[in-house]
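To keep things clear, I will list the structure first and then write my remarks on it.
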Amino acid sequence: MEVDLQGIIQCMKLGDETGVQTHLQEFNKEFAQCFFFDAEEKDRRKFKKNKVRDYTDSDSDCDEYDQEDRGLILRQNLAVVLLRFMRSGLKGRLLRVSLRTLRILSRDKKVLGPMVTDSSLLTVAKLAGLTTCDACDASDEASVPDSDFYDNIIVSLTEAKVLHCRTDEDEDDVEASNQNEEYPAFDEDAKSDVSNATSGDLDSISWVGSRPSIAEMQRGSSHQKALEQGRKDRRESEEEEEEEEGEGSSGEETQRKEAMKVLCNVVYNSSWAQEKFSALRLMCGLIECLSTSISCSSPSSVQFYELRLMFLITALRPELRTQLQQEGGVSVLTAALESCLEVQWKEQYECVLGPGTPPISLEASQRVIEILKILFNITYSTHRQEPSEDDAALYRHLVALLRVCLMRKCTLSEDTDELQGHTVNLLSALPLQCLDVLLVVPLQPGSEQCHGVNMDCVHTLVQFMERRLESILPPLRDVSQRPEEGSTVKSRLIRLMTHLDTDVKHCAADLIFVLCKENVSRFVKYTGYGNAAGLLATRGLLGGQGPRTTSSDGQYSSDSDSDTEEYRQVKDRINPVTGRVEAEQPDPMEGMTEDEKEEEAKRLIMLFNKLSTGNIIQPMGVDSEGKLVPMSGLRQNSLTEERESGSENDGDTEEGEKN
């Protein structure tokens, strides 16, 4: 279906709002499920272009290829016309239908040109309730009457069609030259927006004139690696929202929701829009909107999209993360979390939780997940800082709510797992001293406990970790007695101690080391020296000095370690490197004379020296600090110490003689 842009413009010129609405509704119905204009069109164009090159006499393929280019130009100019039309003061259902059309168009990166100007962003932000400011360049646009503006669009479309027909035969050469340029995907998309400069729209002209440089686009497009493609909102009903009756609060809510969706799409797809969002200080309006919605008795459906926009912008713009934190974002979001969970407080840091607590609804769980993601964005480095007294109280209040997130179920099991995952992420970002709230809850009947301490949260965290381990590791096929082999949580964690991901490896080793009360001998006993060597080398404990690290302030129970009878029976036969009982191996020196043993030893020494001098291997040793260092360094240090010791002794002798 091709956009009947000329029909839409004619209806706009005549003031036929019913006609405009009918045209836009047809477009919305046709493209409602079209989520990736850019990717789909690029694949089709590449396929069709290859066919054109192979079959140069195929007129139908060339025609279809031209229609795709024309469709892009029509969508670009439809966005221009809609933004101009919405600034004329649209209201009611027509405004909502227009916003829905703009939202569908905002999924296409190549159509974003007219949407990322100051006036366009302010227009949509005003409809979303984020600002009361008018478009900053409206005065320039007022110099072009509506009739002339729409006529210019039609003329530019005609000229673009003629120009495209003339340059079609040279397109292959242009494509070949462009392939030699290493531009990012967003830059290629932005080039197509140059066609808007001939549309007569002042916004698009100003955008083309102030486009960011290629280097800026490269920096700005890096967010595509950090954010995954969003999934379709499951809360959307199948019924089209523009069919809703009434012009009351429900109509205004739908309008704000559609405008928020447009902003989410534009911010996600355009690094230029992200910079504009920051420059126009729209974060202040977003914080105010969220604070207002929290105070309402029943949250509106717009709140989810306010949170989604806040997550996107804090994930993509560091300065906005800082701004949100400085303007009390943690406090606002904590209040929003408390409102979504509908908690009842029992004590200062204890919420009512019981068997009769209902599961978190689908709508509430989605809002809670967005809140947790935003909180992580603005607090991810807090665990490295010493919080003030007020901040510590705020974080403890937040941790008490996070305990609810861990212990309560959602309507859907997959939502429960996702909610717990984001809760764990946020807990890892908060100051460690504030996490004691998870354990100070009094024991309840059926609670998991250890030495009289409520361990329900710890038990839930271990269960969550076990589920995540199952999703990471492949099925176990070979069962043996090594510490890292088996189906227990301990075995899985030990396997992760040699994982390729450095962060995973260190976290797994640190956890087991803490569970072993930071005792080196116990750590080696449970994991084997081969698995433990990485952490011991990092902490300077390879020499085994000291029962635990001196920098640890952890409070542990008694170090007494009662070995089982089974362990005592095989203790002397355990290989300390592998951590298991090895089968007895024959003595390789058996039957050799003393001279033959000496010759074998010399041969081995020569082989090691040869490998060492050829830099194939580097002999290592443990220094006085328990760290691995090259053997050459150890020898030099030893000689230096001997010389220093000798000079000190000589000095003492001379003094003795003088005395």
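Residue numbering restarts at 1 in every chain; chains get A, B, ... in the order shown in the structure tokens, and ligands count up from 1 in that same order.
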If you count only C-alpha atoms, which residues fall within 9 Å of Val368 in chain A, apart from same-chain ones fewer than 3 positions away, as a PyMOL selection string? chain A and resi 336-337+340-341+363-365+371-373+405+419
Next, write the just-selected residues to a file, as a PDB file, in the first residue's frame, keeping C-alpha atoms as the atom set.
```
ATOM      1  CA  ALA A 336       7.062   4.771  42.539  1.00  0.00           C
ATOM      2  CA  LEU A 337       8.244   1.252  43.400  1.00  0.00           C
ATOM      3  CA  CYS A 340       3.440  -0.289  42.329  1.00  0.00           C
ATOM      4  CA  LEU A 341       3.976  -3.008  44.937  1.00  0.00           C
ATOM      5  CA  GLU A 363       0.794  -4.285  34.583  1.00  0.00           C
ATOM      6  CA  ALA A 364       2.462  -3.681  37.944  1.00  0.00           C
ATOM      7  CA  SER A 365       5.307  -6.126  37.265  1.00  0.00           C
ATOM      8  CA  ILE A 371      11.830   1.157  37.791  1.00  0.00           C
ATOM      9  CA  LEU A 372      14.513  -1.336  38.797  1.00  0.00           C
ATOM     10  CA  LYS A 373      16.327  -0.835  35.487  1.00  0.00           C
ATOM     11  CA  CYS A 405      10.528  -8.039  44.883  1.00  0.00           C
ATOM     12  CA  LEU A 419      11.837  -9.373  38.199  1.00  0.00           C
TER      13      LEU A 419
END
```
As a VMD selection string, please: the residues near range 384-395 of chain A (cut-off 12 Å, only C-alpha atoms, same-chain neighbours under 5 positions excluded). chain A and resid 325 328 to 335 348 to 349 375 379 400 to 402 426 to 438
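Using only C-alpha atoms, the nearest neighbour of Gly530 in chain A within the list A:Val577, A:Leu72, A:Ile294, A:Ala508 is A:Val577.
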Pick from A:Thr18, A:Asn531, A:Ser632, A:Ser293, whichever lies nearest to His506 in chain A using only C-alpha atoms: A:Asn531
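The nearest approach to Ala532 in chain A among the residues A:Met606, A:Ile494, A:Cys507, A:Val111, with only C-alpha atoms taken into account, belongs to A:Ile494.
Distances to Thr411 in chain A were evaluated for A:Val343, A:Val453, A:Leu362, A:Leu105 using only C-alpha atoms, and the minimum falls at A:Leu362.
Counting only C-alpha atoms and comparing A:Lys517, A:Lys627, A:Lys126, A:His23, the residue that lies closest to Arg256 in chain A is A:Lys126.
Of the listed residues A:Lys109, A:Val302, A:Ser88, A:Glu275, the one whose atoms come nearest to Gly129 in chain A is A:Val302, with distances taken using only C-alpha atoms.
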Every residue of range 245-355 of chain A that DSSP places in helix (DSSP H, G or I), as a PyMOL selection string: chain A and resi 249-269+271-279+282-295+302-316+318-326+329-341
Based on DSSP run over this structure's backbone, return all residues of range 344-585 of chain A in strand (DSSP E), as a ChimeraX atom specification. /A:345-347,350-351,449-450,453-454,574-575,580-581
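By chain and then residue number, the residues within 8 Å of range 2-6 of chain A are Ile9, Gln10, His23, Phe27, Gly71, Leu74, Arg75, Leu78 and Ile154 of chain A, counting only C-alpha atoms and disregarding those fewer than 3 positions away in sequence.
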Kindly save the residues from that selection, with N, CA and C atoms included, as a short mmCIF file (atom, residue, chain, number, x, y, z; two decimals), in the first residue's frame.
```
data_model
loop_
_atom_site.label_atom_id
_atom_site.label_comp_id
_atom_site.auth_asym_id
_atom_site.auth_seq_id
_atom_site.Cartn_x
_atom_site.Cartn_y
_atom_site.Cartn_z
N ILE A 9 -2.91 15.72 1.79
CA ILE A 9 -2.62 17.15 1.74
C ILE A 9 -3.83 17.93 1.24
N GLN A 10 -4.51 17.41 0.24
CA GLN A 10 -5.71 18.08 -0.27
C GLN A 10 -6.77 18.21 0.81
N HIS A 23 -7.89 8.68 5.78
CA HIS A 23 -6.63 8.30 5.12
C HIS A 23 -5.62 7.75 6.14
N PHE A 27 -3.80 3.96 6.67
CA PHE A 27 -2.36 3.75 6.79
C PHE A 27 -2.02 3.00 8.07
N GLY A 71 8.25 5.04 -1.93
CA GLY A 71 7.58 4.84 -0.65
C GLY A 71 8.33 5.47 0.50
N LEU A 74 7.77 9.21 0.35
CA LEU A 74 6.42 9.54 0.79
C LEU A 74 6.32 9.49 2.32
N ARG A 75 6.93 8.49 2.94
CA ARG A 75 6.87 8.39 4.40
C ARG A 75 7.63 9.54 5.05
N LEU A 78 5.40 12.50 4.69
CA LEU A 78 4.21 12.35 5.54
C LEU A 78 4.53 12.78 6.97
N ILE A 154 3.90 18.99 -2.56
CA ILE A 154 3.46 18.28 -3.76
C ILE A 154 4.44 18.50 -4.90
#
```
Polymer residues at most 10 Å from Met620 in chain A, only C-alpha atoms, same-chain spacing of 3 or more positions, as a list of chain:residue names: A:Ile617, A:Asp623, A:Lys627, A:Leu628, A:Val629, A:Pro630, A:Met631, A:Ser632, A:Gly633, A:Leu634
Keeping only N, CA and C atoms, write the selected residues to a file as a PDB file, in the first residue's frame.
```pdb
ATOM      1  N   ILE A 617      58.596 -21.240  27.543  1.00  0.00           N
ATOM      2  CA  ILE A 617      58.011 -21.246  28.877  1.00  0.00           C
ATOM      3  C   ILE A 617      58.790 -20.258  29.725  1.00  0.00           C
ATOM      4  N   ASP A 623      56.953 -15.252  45.471  1.00  0.00           N
ATOM      5  CA  ASP A 623      57.809 -14.358  46.255  1.00  0.00           C
ATOM      6  C   ASP A 623      57.349 -14.304  47.698  1.00  0.00           C
ATOM      7  N   LYS A 627      52.951 -13.892  45.711  1.00  0.00           N
ATOM      8  CA  LYS A 627      52.555 -13.645  44.333  1.00  0.00           C
ATOM      9  C   LYS A 627      53.517 -14.314  43.369  1.00  0.00           C
ATOM     10  N   LEU A 628      52.993 -14.670  42.184  1.00  0.00           N
ATOM     11  CA  LEU A 628      53.817 -15.303  41.155  1.00  0.00           C
ATOM     12  C   LEU A 628      54.729 -14.267  40.510  1.00  0.00           C
ATOM     13  N   VAL A 629      56.011 -14.602  40.430  1.00  0.00           N
ATOM     14  CA  VAL A 629      56.994 -13.745  39.761  1.00  0.00           C
ATOM     15  C   VAL A 629      57.939 -14.657  38.992  1.00  0.00           C
ATOM     16  N   PRO A 630      58.588 -14.173  37.922  1.00  0.00           N
ATOM     17  CA  PRO A 630      59.566 -14.987  37.201  1.00  0.00           C
ATOM     18  C   PRO A 630      60.707 -15.436  38.113  1.00  0.00           C
ATOM     19  N   MET A 631      61.244 -16.612  37.844  1.00  0.00           N
ATOM     20  CA  MET A 631      62.327 -17.149  38.658  1.00  0.00           C
ATOM     21  C   MET A 631      63.562 -16.250  38.609  1.00  0.00           C
ATOM     22  N   SER A 632      63.782 -15.614  37.450  1.00  0.00           N
ATOM     23  CA  SER A 632      64.938 -14.720  37.347  1.00  0.00           C
ATOM     24  C   SER A 632      64.836 -13.595  38.361  1.00  0.00           C
ATOM     25  N   GLY A 633      63.635 -13.069  38.530  1.00  0.00           N
ATOM     26  CA  GLY A 633      63.445 -12.014  39.515  1.00  0.00           C
ATOM     27  C   GLY A 633      63.680 -12.497  40.926  1.00  0.00           C
ATOM     28  N   LEU A 634      63.282 -13.743  41.197  1.00  0.00           N
ATOM     29  CA  LEU A 634      63.516 -14.298  42.524  1.00  0.00           C
ATOM     30  C   LEU A 634      65.006 -14.437  42.811  1.00  0.00           C
TER      31      LEU A 634
END
```
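Between CA of Gln274 in chain A and CA of His422 in chain A lies a distance of 24.5 Å.
The interatomic distance for the pair CA of Ser270 in chain A and CA of Leu312 in chain A works out to 11.5 Å.
Computed from the coordinates, the CA of Tyr380 in chain A to CA of Lys346 in chain A distance equals 29.0 Å.
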